[in-house]
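To be precise, the following lines are protein01.txt, and they hold compact mmCIF, N, CA and C atoms.
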```txt
# COMPACT_ATOMS: atom_id res chain seq x y z
N MET A 10 -6.29 12.32 -11.96
CA MET A 10 -5.59 11.56 -10.94
C MET A 10 -4.77 12.52 -10.08
N THR A 11 -4.78 12.28 -8.79
CA THR A 11 -4.04 13.07 -7.84
C THR A 11 -2.59 12.59 -7.79
N THR A 12 -1.67 13.53 -7.71
CA THR A 12 -0.26 13.16 -7.57
C THR A 12 0.07 13.13 -6.09
N ASN A 13 0.71 12.06 -5.65
CA ASN A 13 1.10 11.92 -4.25
C ASN A 13 2.60 11.84 -4.15
N THR A 14 3.13 12.41 -3.10
CA THR A 14 4.55 12.32 -2.83
C THR A 14 4.72 11.39 -1.64
N PHE A 15 5.57 10.38 -1.80
CA PHE A 15 5.83 9.45 -0.72
C PHE A 15 6.93 10.01 0.15
N MET A 16 6.63 10.19 1.43
CA MET A 16 7.61 10.72 2.36
C MET A 16 7.71 9.78 3.55
N LEU A 17 8.92 9.42 3.89
CA LEU A 17 9.15 8.62 5.09
C LEU A 17 9.04 9.52 6.32
N PRO A 18 8.61 8.95 7.44
CA PRO A 18 8.68 9.72 8.68
C PRO A 18 10.14 10.11 8.93
N GLU A 19 10.36 11.25 9.57
CA GLU A 19 11.72 11.74 9.81
C GLU A 19 12.62 10.73 10.49
N TRP A 20 12.07 9.93 11.37
CA TRP A 20 12.90 9.02 12.16
C TRP A 20 13.26 7.73 11.43
N VAL A 21 12.73 7.52 10.22
CA VAL A 21 13.06 6.33 9.43
C VAL A 21 14.18 6.66 8.46
N ALA A 22 15.29 5.95 8.58
CA ALA A 22 16.45 6.19 7.71
C ALA A 22 16.35 5.41 6.41
N SER A 23 15.82 4.18 6.48
CA SER A 23 15.73 3.36 5.28
C SER A 23 14.71 2.25 5.47
N ILE A 24 14.24 1.73 4.34
CA ILE A 24 13.33 0.58 4.33
C ILE A 24 14.01 -0.52 3.53
N ARG A 25 13.97 -1.75 4.02
CA ARG A 25 14.57 -2.89 3.33
C ARG A 25 13.44 -3.72 2.70
N PHE A 26 13.51 -3.90 1.37
CA PHE A 26 12.50 -4.65 0.63
C PHE A 26 13.06 -5.98 0.16
N ASN A 27 12.19 -6.94 -0.06
CA ASN A 27 12.53 -8.21 -0.69
C ASN A 27 11.52 -8.43 -1.81
N PHE A 28 11.94 -8.20 -3.06
CA PHE A 28 11.05 -8.35 -4.21
C PHE A 28 11.36 -9.63 -4.96
N SER A 29 10.32 -10.40 -5.25
CA SER A 29 10.46 -11.58 -6.10
C SER A 29 10.61 -11.11 -7.55
N ALA A 30 11.05 -12.00 -8.42
CA ALA A 30 11.14 -11.67 -9.84
C ALA A 30 9.77 -11.28 -10.39
N ALA A 31 8.72 -11.97 -9.94
CA ALA A 31 7.36 -11.64 -10.38
C ALA A 31 6.96 -10.24 -9.93
N ALA A 32 7.38 -9.85 -8.73
CA ALA A 32 7.06 -8.52 -8.22
C ALA A 32 7.76 -7.44 -9.04
N VAL A 33 9.03 -7.64 -9.34
CA VAL A 33 9.78 -6.67 -10.14
C VAL A 33 9.14 -6.52 -11.51
N GLU A 34 8.76 -7.64 -12.12
CA GLU A 34 8.11 -7.59 -13.43
C GLU A 34 6.78 -6.84 -13.34
N TRP A 35 5.96 -7.15 -12.33
CA TRP A 35 4.66 -6.51 -12.19
C TRP A 35 4.81 -5.01 -11.93
N LEU A 36 5.77 -4.63 -11.08
CA LEU A 36 5.98 -3.21 -10.76
C LEU A 36 6.38 -2.40 -11.99
N GLY A 37 6.96 -3.04 -12.98
CA GLY A 37 7.38 -2.35 -14.20
C GLY A 37 6.26 -2.17 -15.21
N GLN A 38 5.08 -2.66 -14.91
CA GLN A 38 3.96 -2.59 -15.85
C GLN A 38 2.97 -1.51 -15.44
N SER A 39 1.93 -1.35 -16.24
CA SER A 39 0.87 -0.41 -15.93
C SER A 39 -0.47 -1.00 -16.37
N THR A 40 -1.53 -0.38 -15.91
CA THR A 40 -2.89 -0.82 -16.22
C THR A 40 -3.68 0.40 -16.68
N THR A 41 -4.55 0.21 -17.67
CA THR A 41 -5.43 1.28 -18.11
C THR A 41 -6.80 1.07 -17.49
N THR A 42 -7.32 2.13 -16.86
CA THR A 42 -8.62 2.05 -16.20
C THR A 42 -9.75 2.11 -17.22
N GLU A 43 -10.95 1.86 -16.73
CA GLU A 43 -12.12 1.94 -17.59
C GLU A 43 -12.28 3.35 -18.17
N ALA A 44 -11.81 4.35 -17.43
CA ALA A 44 -11.91 5.75 -17.87
C ALA A 44 -10.78 6.13 -18.83
N GLY A 45 -9.85 5.20 -19.09
CA GLY A 45 -8.75 5.47 -20.01
C GLY A 45 -7.51 6.03 -19.36
N THR A 46 -7.49 6.11 -18.04
CA THR A 46 -6.32 6.59 -17.32
C THR A 46 -5.34 5.45 -17.14
N THR A 47 -4.05 5.73 -17.32
CA THR A 47 -3.03 4.71 -17.12
C THR A 47 -2.52 4.81 -15.68
N ILE A 48 -2.52 3.66 -15.00
CA ILE A 48 -2.00 3.57 -13.64
C ILE A 48 -0.69 2.80 -13.68
N SER A 49 0.39 3.46 -13.30
CA SER A 49 1.67 2.77 -13.16
C SER A 49 1.58 1.87 -11.93
N HIS A 50 1.95 0.60 -12.08
CA HIS A 50 1.91 -0.30 -10.94
C HIS A 50 2.85 0.16 -9.84
N LEU A 51 4.00 0.70 -10.21
CA LEU A 51 4.95 1.19 -9.22
C LEU A 51 4.35 2.39 -8.46
N ALA A 52 3.69 3.29 -9.18
CA ALA A 52 3.06 4.44 -8.51
C ALA A 52 1.94 3.97 -7.58
N PHE A 53 1.20 2.94 -7.98
CA PHE A 53 0.13 2.40 -7.13
C PHE A 53 0.74 1.78 -5.87
N PHE A 54 1.85 1.05 -6.04
CA PHE A 54 2.54 0.47 -4.90
C PHE A 54 2.99 1.56 -3.93
N TRP A 55 3.60 2.65 -4.44
CA TRP A 55 4.06 3.75 -3.58
C TRP A 55 2.87 4.41 -2.89
N LEU A 56 1.75 4.54 -3.60
CA LEU A 56 0.55 5.12 -2.99
C LEU A 56 0.10 4.29 -1.79
N LEU A 57 0.04 2.97 -1.96
CA LEU A 57 -0.32 2.10 -0.84
C LEU A 57 0.72 2.18 0.27
N LEU A 58 2.00 2.15 -0.13
CA LEU A 58 3.08 2.18 0.86
C LEU A 58 3.05 3.47 1.68
N SER A 59 2.60 4.57 1.09
CA SER A 59 2.56 5.84 1.80
C SER A 59 1.57 5.79 2.97
N LYS A 60 0.70 4.80 2.98
CA LYS A 60 -0.29 4.64 4.05
C LYS A 60 0.18 3.67 5.15
N MET A 61 1.36 3.07 4.95
CA MET A 61 1.86 2.04 5.87
C MET A 61 2.27 2.64 7.21
N ARG A 62 1.96 1.92 8.28
CA ARG A 62 2.39 2.30 9.64
C ARG A 62 3.78 1.74 9.91
N PHE A 63 4.51 2.44 10.74
CA PHE A 63 5.83 2.00 11.16
C PHE A 63 5.84 1.58 12.63
N ASP A 64 4.68 1.66 13.29
CA ASP A 64 4.57 1.29 14.68
C ASP A 64 3.17 0.74 14.95
N PHE A 65 2.94 0.26 16.14
CA PHE A 65 1.61 -0.24 16.51
C PHE A 65 0.72 0.94 16.87
N GLY A 66 -0.55 0.82 16.54
CA GLY A 66 -1.48 1.88 16.91
C GLY A 66 -2.84 1.69 16.27
N ALA A 67 -3.73 2.58 16.59
CA ALA A 67 -5.08 2.53 16.05
C ALA A 67 -5.17 3.43 14.84
N ASP A 68 -5.71 2.91 13.76
CA ASP A 68 -5.98 3.71 12.57
C ASP A 68 -7.41 4.18 12.68
N ILE A 69 -7.60 5.46 12.88
CA ILE A 69 -8.95 6.00 13.05
C ILE A 69 -9.35 6.87 11.86
N SER A 70 -8.71 6.64 10.71
CA SER A 70 -8.96 7.48 9.55
C SER A 70 -10.27 7.13 8.84
N PHE A 71 -10.91 6.03 9.23
CA PHE A 71 -12.16 5.63 8.60
C PHE A 71 -13.23 5.44 9.67
N HIS A 72 -14.42 5.13 9.24
CA HIS A 72 -15.54 4.91 10.16
C HIS A 72 -15.33 3.68 11.03
N HIS A 73 -14.40 2.81 10.64
CA HIS A 73 -14.17 1.56 11.35
C HIS A 73 -12.74 1.54 11.88
N PRO A 74 -12.49 2.15 13.05
CA PRO A 74 -11.13 2.14 13.60
C PRO A 74 -10.64 0.71 13.85
N VAL A 75 -9.37 0.52 13.67
CA VAL A 75 -8.78 -0.80 13.84
C VAL A 75 -7.36 -0.65 14.34
N SER A 76 -6.92 -1.59 15.15
CA SER A 76 -5.53 -1.61 15.60
C SER A 76 -4.69 -2.33 14.56
N ILE A 77 -3.65 -1.67 14.11
CA ILE A 77 -2.76 -2.28 13.13
C ILE A 77 -1.32 -2.07 13.58
N GLY A 78 -0.43 -2.82 12.98
CA GLY A 78 0.96 -2.77 13.38
C GLY A 78 1.88 -2.33 12.26
N PRO A 79 3.18 -2.39 12.53
CA PRO A 79 4.16 -2.04 11.51
C PRO A 79 3.96 -2.88 10.25
N ARG A 80 4.21 -2.29 9.11
CA ARG A 80 4.07 -2.91 7.79
C ARG A 80 2.61 -3.09 7.38
N GLN A 81 1.67 -2.44 8.07
CA GLN A 81 0.26 -2.56 7.72
C GLN A 81 -0.35 -1.20 7.44
N ALA A 82 -1.43 -1.22 6.66
CA ALA A 82 -2.20 -0.01 6.38
C ALA A 82 -3.66 -0.39 6.25
N GLN A 83 -4.52 0.47 6.75
CA GLN A 83 -5.95 0.31 6.49
C GLN A 83 -6.26 1.21 5.30
N VAL A 84 -6.88 0.65 4.27
CA VAL A 84 -7.18 1.43 3.07
C VAL A 84 -8.66 1.32 2.73
N SER A 85 -9.13 2.31 2.01
CA SER A 85 -10.49 2.29 1.47
C SER A 85 -10.37 2.07 -0.03
N VAL A 86 -10.80 0.91 -0.49
CA VAL A 86 -10.74 0.61 -1.92
C VAL A 86 -11.58 1.63 -2.69
N LYS A 87 -12.70 2.01 -2.12
CA LYS A 87 -13.57 3.00 -2.76
C LYS A 87 -12.84 4.33 -2.94
N GLN A 88 -12.17 4.81 -1.88
CA GLN A 88 -11.44 6.08 -1.97
C GLN A 88 -10.26 5.98 -2.94
N LEU A 89 -9.54 4.85 -2.91
CA LEU A 89 -8.43 4.67 -3.86
C LEU A 89 -8.94 4.67 -5.29
N ALA A 90 -10.06 4.00 -5.52
CA ALA A 90 -10.63 3.94 -6.87
C ALA A 90 -11.01 5.34 -7.36
N GLU A 91 -11.63 6.11 -6.49
CA GLU A 91 -11.99 7.48 -6.86
C GLU A 91 -10.76 8.32 -7.14
N GLN A 92 -9.74 8.17 -6.30
CA GLN A 92 -8.50 8.92 -6.45
C GLN A 92 -7.79 8.60 -7.75
N LEU A 93 -7.84 7.33 -8.16
CA LEU A 93 -7.12 6.89 -9.36
C LEU A 93 -7.98 6.88 -10.61
N GLY A 94 -9.27 7.20 -10.48
CA GLY A 94 -10.16 7.19 -11.64
C GLY A 94 -10.42 5.79 -12.14
N SER A 95 -10.57 4.87 -11.22
CA SER A 95 -10.74 3.45 -11.54
C SER A 95 -11.99 2.94 -10.85
N GLY A 96 -12.36 1.71 -11.17
CA GLY A 96 -13.44 1.05 -10.46
C GLY A 96 -12.90 0.24 -9.30
N ARG A 97 -13.75 -0.02 -8.31
CA ARG A 97 -13.32 -0.81 -7.15
C ARG A 97 -12.90 -2.21 -7.55
N LYS A 98 -13.63 -2.81 -8.47
CA LYS A 98 -13.31 -4.18 -8.92
C LYS A 98 -11.91 -4.22 -9.55
N GLN A 99 -11.60 -3.22 -10.36
CA GLN A 99 -10.29 -3.18 -11.00
C GLN A 99 -9.18 -3.04 -9.95
N LEU A 100 -9.39 -2.20 -8.94
CA LEU A 100 -8.38 -2.05 -7.89
C LEU A 100 -8.24 -3.31 -7.05
N THR A 101 -9.38 -3.95 -6.78
CA THR A 101 -9.33 -5.22 -6.06
C THR A 101 -8.51 -6.24 -6.85
N ASN A 102 -8.69 -6.26 -8.16
CA ASN A 102 -7.91 -7.16 -9.02
C ASN A 102 -6.43 -6.80 -9.01
N LEU A 103 -6.11 -5.50 -9.03
CA LEU A 103 -4.70 -5.07 -8.96
C LEU A 103 -4.06 -5.52 -7.65
N MET A 104 -4.81 -5.37 -6.56
CA MET A 104 -4.28 -5.79 -5.27
C MET A 104 -4.13 -7.31 -5.20
N ALA A 105 -5.01 -8.04 -5.85
CA ALA A 105 -4.87 -9.50 -5.92
C ALA A 105 -3.61 -9.89 -6.69
N ARG A 106 -3.30 -9.15 -7.74
CA ARG A 106 -2.06 -9.40 -8.50
C ARG A 106 -0.83 -9.08 -7.65
N MET A 107 -0.93 -8.02 -6.85
CA MET A 107 0.18 -7.67 -5.95
C MET A 107 0.38 -8.78 -4.92
N GLU A 108 -0.73 -9.35 -4.48
CA GLU A 108 -0.65 -10.46 -3.52
C GLU A 108 0.04 -11.66 -4.15
N SER A 109 -0.36 -12.01 -5.36
CA SER A 109 0.23 -13.19 -6.00
C SER A 109 1.70 -12.97 -6.35
N ALA A 110 2.12 -11.70 -6.49
CA ALA A 110 3.53 -11.39 -6.76
C ALA A 110 4.35 -11.32 -5.48
N GLY A 111 3.70 -11.46 -4.32
CA GLY A 111 4.42 -11.46 -3.05
C GLY A 111 4.72 -10.09 -2.50
N LEU A 112 3.99 -9.07 -2.94
CA LEU A 112 4.21 -7.71 -2.43
C LEU A 112 3.41 -7.43 -1.17
N ILE A 113 2.16 -7.87 -1.17
CA ILE A 113 1.25 -7.56 -0.06
C ILE A 113 0.38 -8.77 0.28
N GLU A 114 -0.27 -8.69 1.43
CA GLU A 114 -1.36 -9.59 1.78
C GLU A 114 -2.54 -8.69 2.12
N VAL A 115 -3.73 -9.07 1.67
CA VAL A 115 -4.92 -8.27 1.89
C VAL A 115 -5.90 -9.07 2.72
N SER A 116 -6.43 -8.45 3.75
CA SER A 116 -7.50 -9.08 4.52
C SER A 116 -8.64 -8.07 4.63
N SER A 117 -9.85 -8.56 4.42
CA SER A 117 -11.03 -7.70 4.47
C SER A 117 -12.06 -8.32 5.39
N ALA A 118 -12.63 -7.47 6.24
CA ALA A 118 -13.70 -7.89 7.14
C ALA A 118 -14.40 -6.65 7.66
N ASP A 119 -15.69 -6.73 7.81
CA ASP A 119 -16.48 -5.62 8.37
C ASP A 119 -16.16 -4.28 7.70
N LYS A 120 -16.14 -4.27 6.38
CA LYS A 120 -15.87 -3.05 5.60
C LYS A 120 -14.48 -2.48 5.83
N ARG A 121 -13.57 -3.30 6.34
CA ARG A 121 -12.18 -2.89 6.55
C ARG A 121 -11.31 -3.64 5.57
N THR A 122 -10.36 -2.95 4.99
CA THR A 122 -9.36 -3.60 4.16
C THR A 122 -8.00 -3.28 4.77
N ILE A 123 -7.32 -4.32 5.22
CA ILE A 123 -5.99 -4.18 5.81
C ILE A 123 -4.98 -4.75 4.83
N VAL A 124 -3.99 -3.95 4.51
CA VAL A 124 -2.91 -4.37 3.61
C VAL A 124 -1.66 -4.57 4.48
N THR A 125 -1.04 -5.74 4.36
CA THR A 125 0.23 -6.02 5.02
C THR A 125 1.30 -6.09 3.94
N PHE A 126 2.34 -5.32 4.10
CA PHE A 126 3.42 -5.27 3.12
C PHE A 126 4.43 -6.37 3.42
N VAL A 127 4.20 -7.55 2.87
CA VAL A 127 5.07 -8.69 3.14
C VAL A 127 6.43 -8.53 2.47
N CYS A 128 6.54 -7.64 1.50
CA CYS A 128 7.82 -7.40 0.83
C CYS A 128 8.74 -6.49 1.64
N VAL A 129 8.20 -5.87 2.69
CA VAL A 129 9.03 -5.02 3.55
C VAL A 129 9.64 -5.90 4.63
N GLU A 130 10.95 -6.06 4.58
CA GLU A 130 11.65 -6.89 5.55
C GLU A 130 11.93 -6.13 6.84
N GLY A 131 12.03 -4.83 6.75
CA GLY A 131 12.30 -4.04 7.93
C GLY A 131 12.62 -2.61 7.56
N PHE A 132 12.86 -1.83 8.56
CA PHE A 132 13.28 -0.45 8.37
C PHE A 132 14.22 -0.06 9.48
N ARG A 133 15.02 0.95 9.24
CA ARG A 133 16.04 1.36 10.20
C ARG A 133 15.74 2.74 10.72
N ASN A 134 15.86 2.88 12.01
CA ASN A 134 15.66 4.14 12.70
C ASN A 134 16.82 5.07 12.38
N ALA A 135 16.52 6.33 12.13
CA ALA A 135 17.57 7.31 11.79
C ALA A 135 18.62 7.43 12.90
N ASP A 136 18.21 7.20 14.15
CA ASP A 136 19.15 7.29 15.28
C ASP A 136 20.18 6.18 15.29
N SER A 137 19.89 5.07 14.59
CA SER A 137 20.79 3.93 14.62
C SER A 137 21.75 3.91 13.44
N VAL A 138 21.72 4.94 12.62
CA VAL A 138 22.59 4.99 11.44
C VAL A 138 24.00 5.34 11.83
```

Could you render the structure as structure tokens?
Amino acid sequence: MTTNTFMLPEWVASIRFNFSAAAVEWLGQSTTTEAGTTISHLAFFWLLLSKMRFDFGADISFHHPVSIGPRQAQVSVKQLAEQLGSGRKQLTNLMARMESAGLIEVSSADKRTIVTFVCVEGFRNADSV
């Protein structure tokens, strides 16, 4: 498994989250992959969050460019599964659990998976601190 460091853009001073009790409970757990690797739910959340946009724009990181806005990310379930040593079905199930806990909303169409971070209430610009 690859280790990722979550870094905010320089101009973001803080992010405000709203976690339900179910989300806090889920984030404190982990899942074991088919390959025997343990995935911390919190680490998986940070991995997804590291892909989140803070402004409007086109995500051209995949074969299917798409316009997305703040609090959204375009992700490849296949690439995430490979990165975490998991199967796509297992990651899809993890993301469904995140959805039911109120952390994210997932929409898929035309080989695109867009994640909206509904638990992110906002963020503050470093200039406004």

Got a sec: who's within 5 Å of range 22-37 of chain A, counting all atoms listed in the file, leaving out chain neighbours fewer than 6 positions off, as number ranges by chain? A: 50-51, 110, 128-135

One-decimal distance in Å that lies between CA of Ala82 in chain A and atom N of Met61 in chain A: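 Spanning atom N of Met61 in chain A to CA of Ala82 in chain A is a straight-line distance of 4.9 Å.
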
List every residue of chain A that DSSP, applied to the backbone, labels as strand (DSSP E), and write the result as a ChimeraX atom specification. /A:21-26,39-41,47-49,66-68,75-77,81-84,114-118,121-125,129-134

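Nearest to Asp64 in chain A of all the residues A:Gly78, A:Ala52, A:Leu93, A:Val84 is A:Gly78, counting only N, CA and C atoms.
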
Please provide as a VMD selection string all residues within 12 Å of Ser116 in chain A, with the sequence filter that same-chain residues fewer than 4 positions apart are discarded (counting only C-alpha atoms). chain A and resid 77 81 to 84 101 104 to 105 108 120 to 126

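When the distance limit is 5 Å and only N, CA and C atoms are what count, the residues near Val127 in chain A, minus those fewer than 5 positions from it on the same chain, are Leu112, Ile113 and Glu114 of chain A.
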
From the options A:Val21, A:Val115, A:Ala90, A:Ile69, which residue's atoms come nearest to Leu56 in chain A, counting only C-alpha atoms? A:Ala90

Figure out the distance between atom C of Thr40 in chain A and atom C of Lys98 in chain A, please, to one decimal in Å.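 That distance, rounded to one decimal, is 11.8 Å.
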
CA of Met107 in chain A to CA of Thr47 in chain A, distance in Å rounded to a single decimal: 17.0 Å

Helix (DSSP H, G or I) per DSSP on the backbone: members of range 21-132 of chain A, as an MDAnalysis selection string: chainID A and resid 30:36 50:58 86:93 97:109

Of the residues A:Gly94, A:Pro79, A:Ile48, A:Ser85, which is the one nearest to Phe63 in chain A, using all atoms listed in the file? A:Pro79

Go through A:Ser59, A:Ser70, A:Gln92, A:Ser76 and flag the residue nearest Thr42 in chain A, using only C-alpha atoms for the distances. A:Gln92

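Minimum atom-to-atom distances from A:Leu89, A:Arg62, A:Glu19, A:Ser95 to Thr46 in chain A were compared using only N, CA and C atoms, and the lowest value belongs to A:Ser95.
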
One residue among A:Trp20, A:Ala44, A:His72, A:Leu103 is nearest to Glu91 in chain A when using only C-alpha atoms, and that residue is A:Ala44
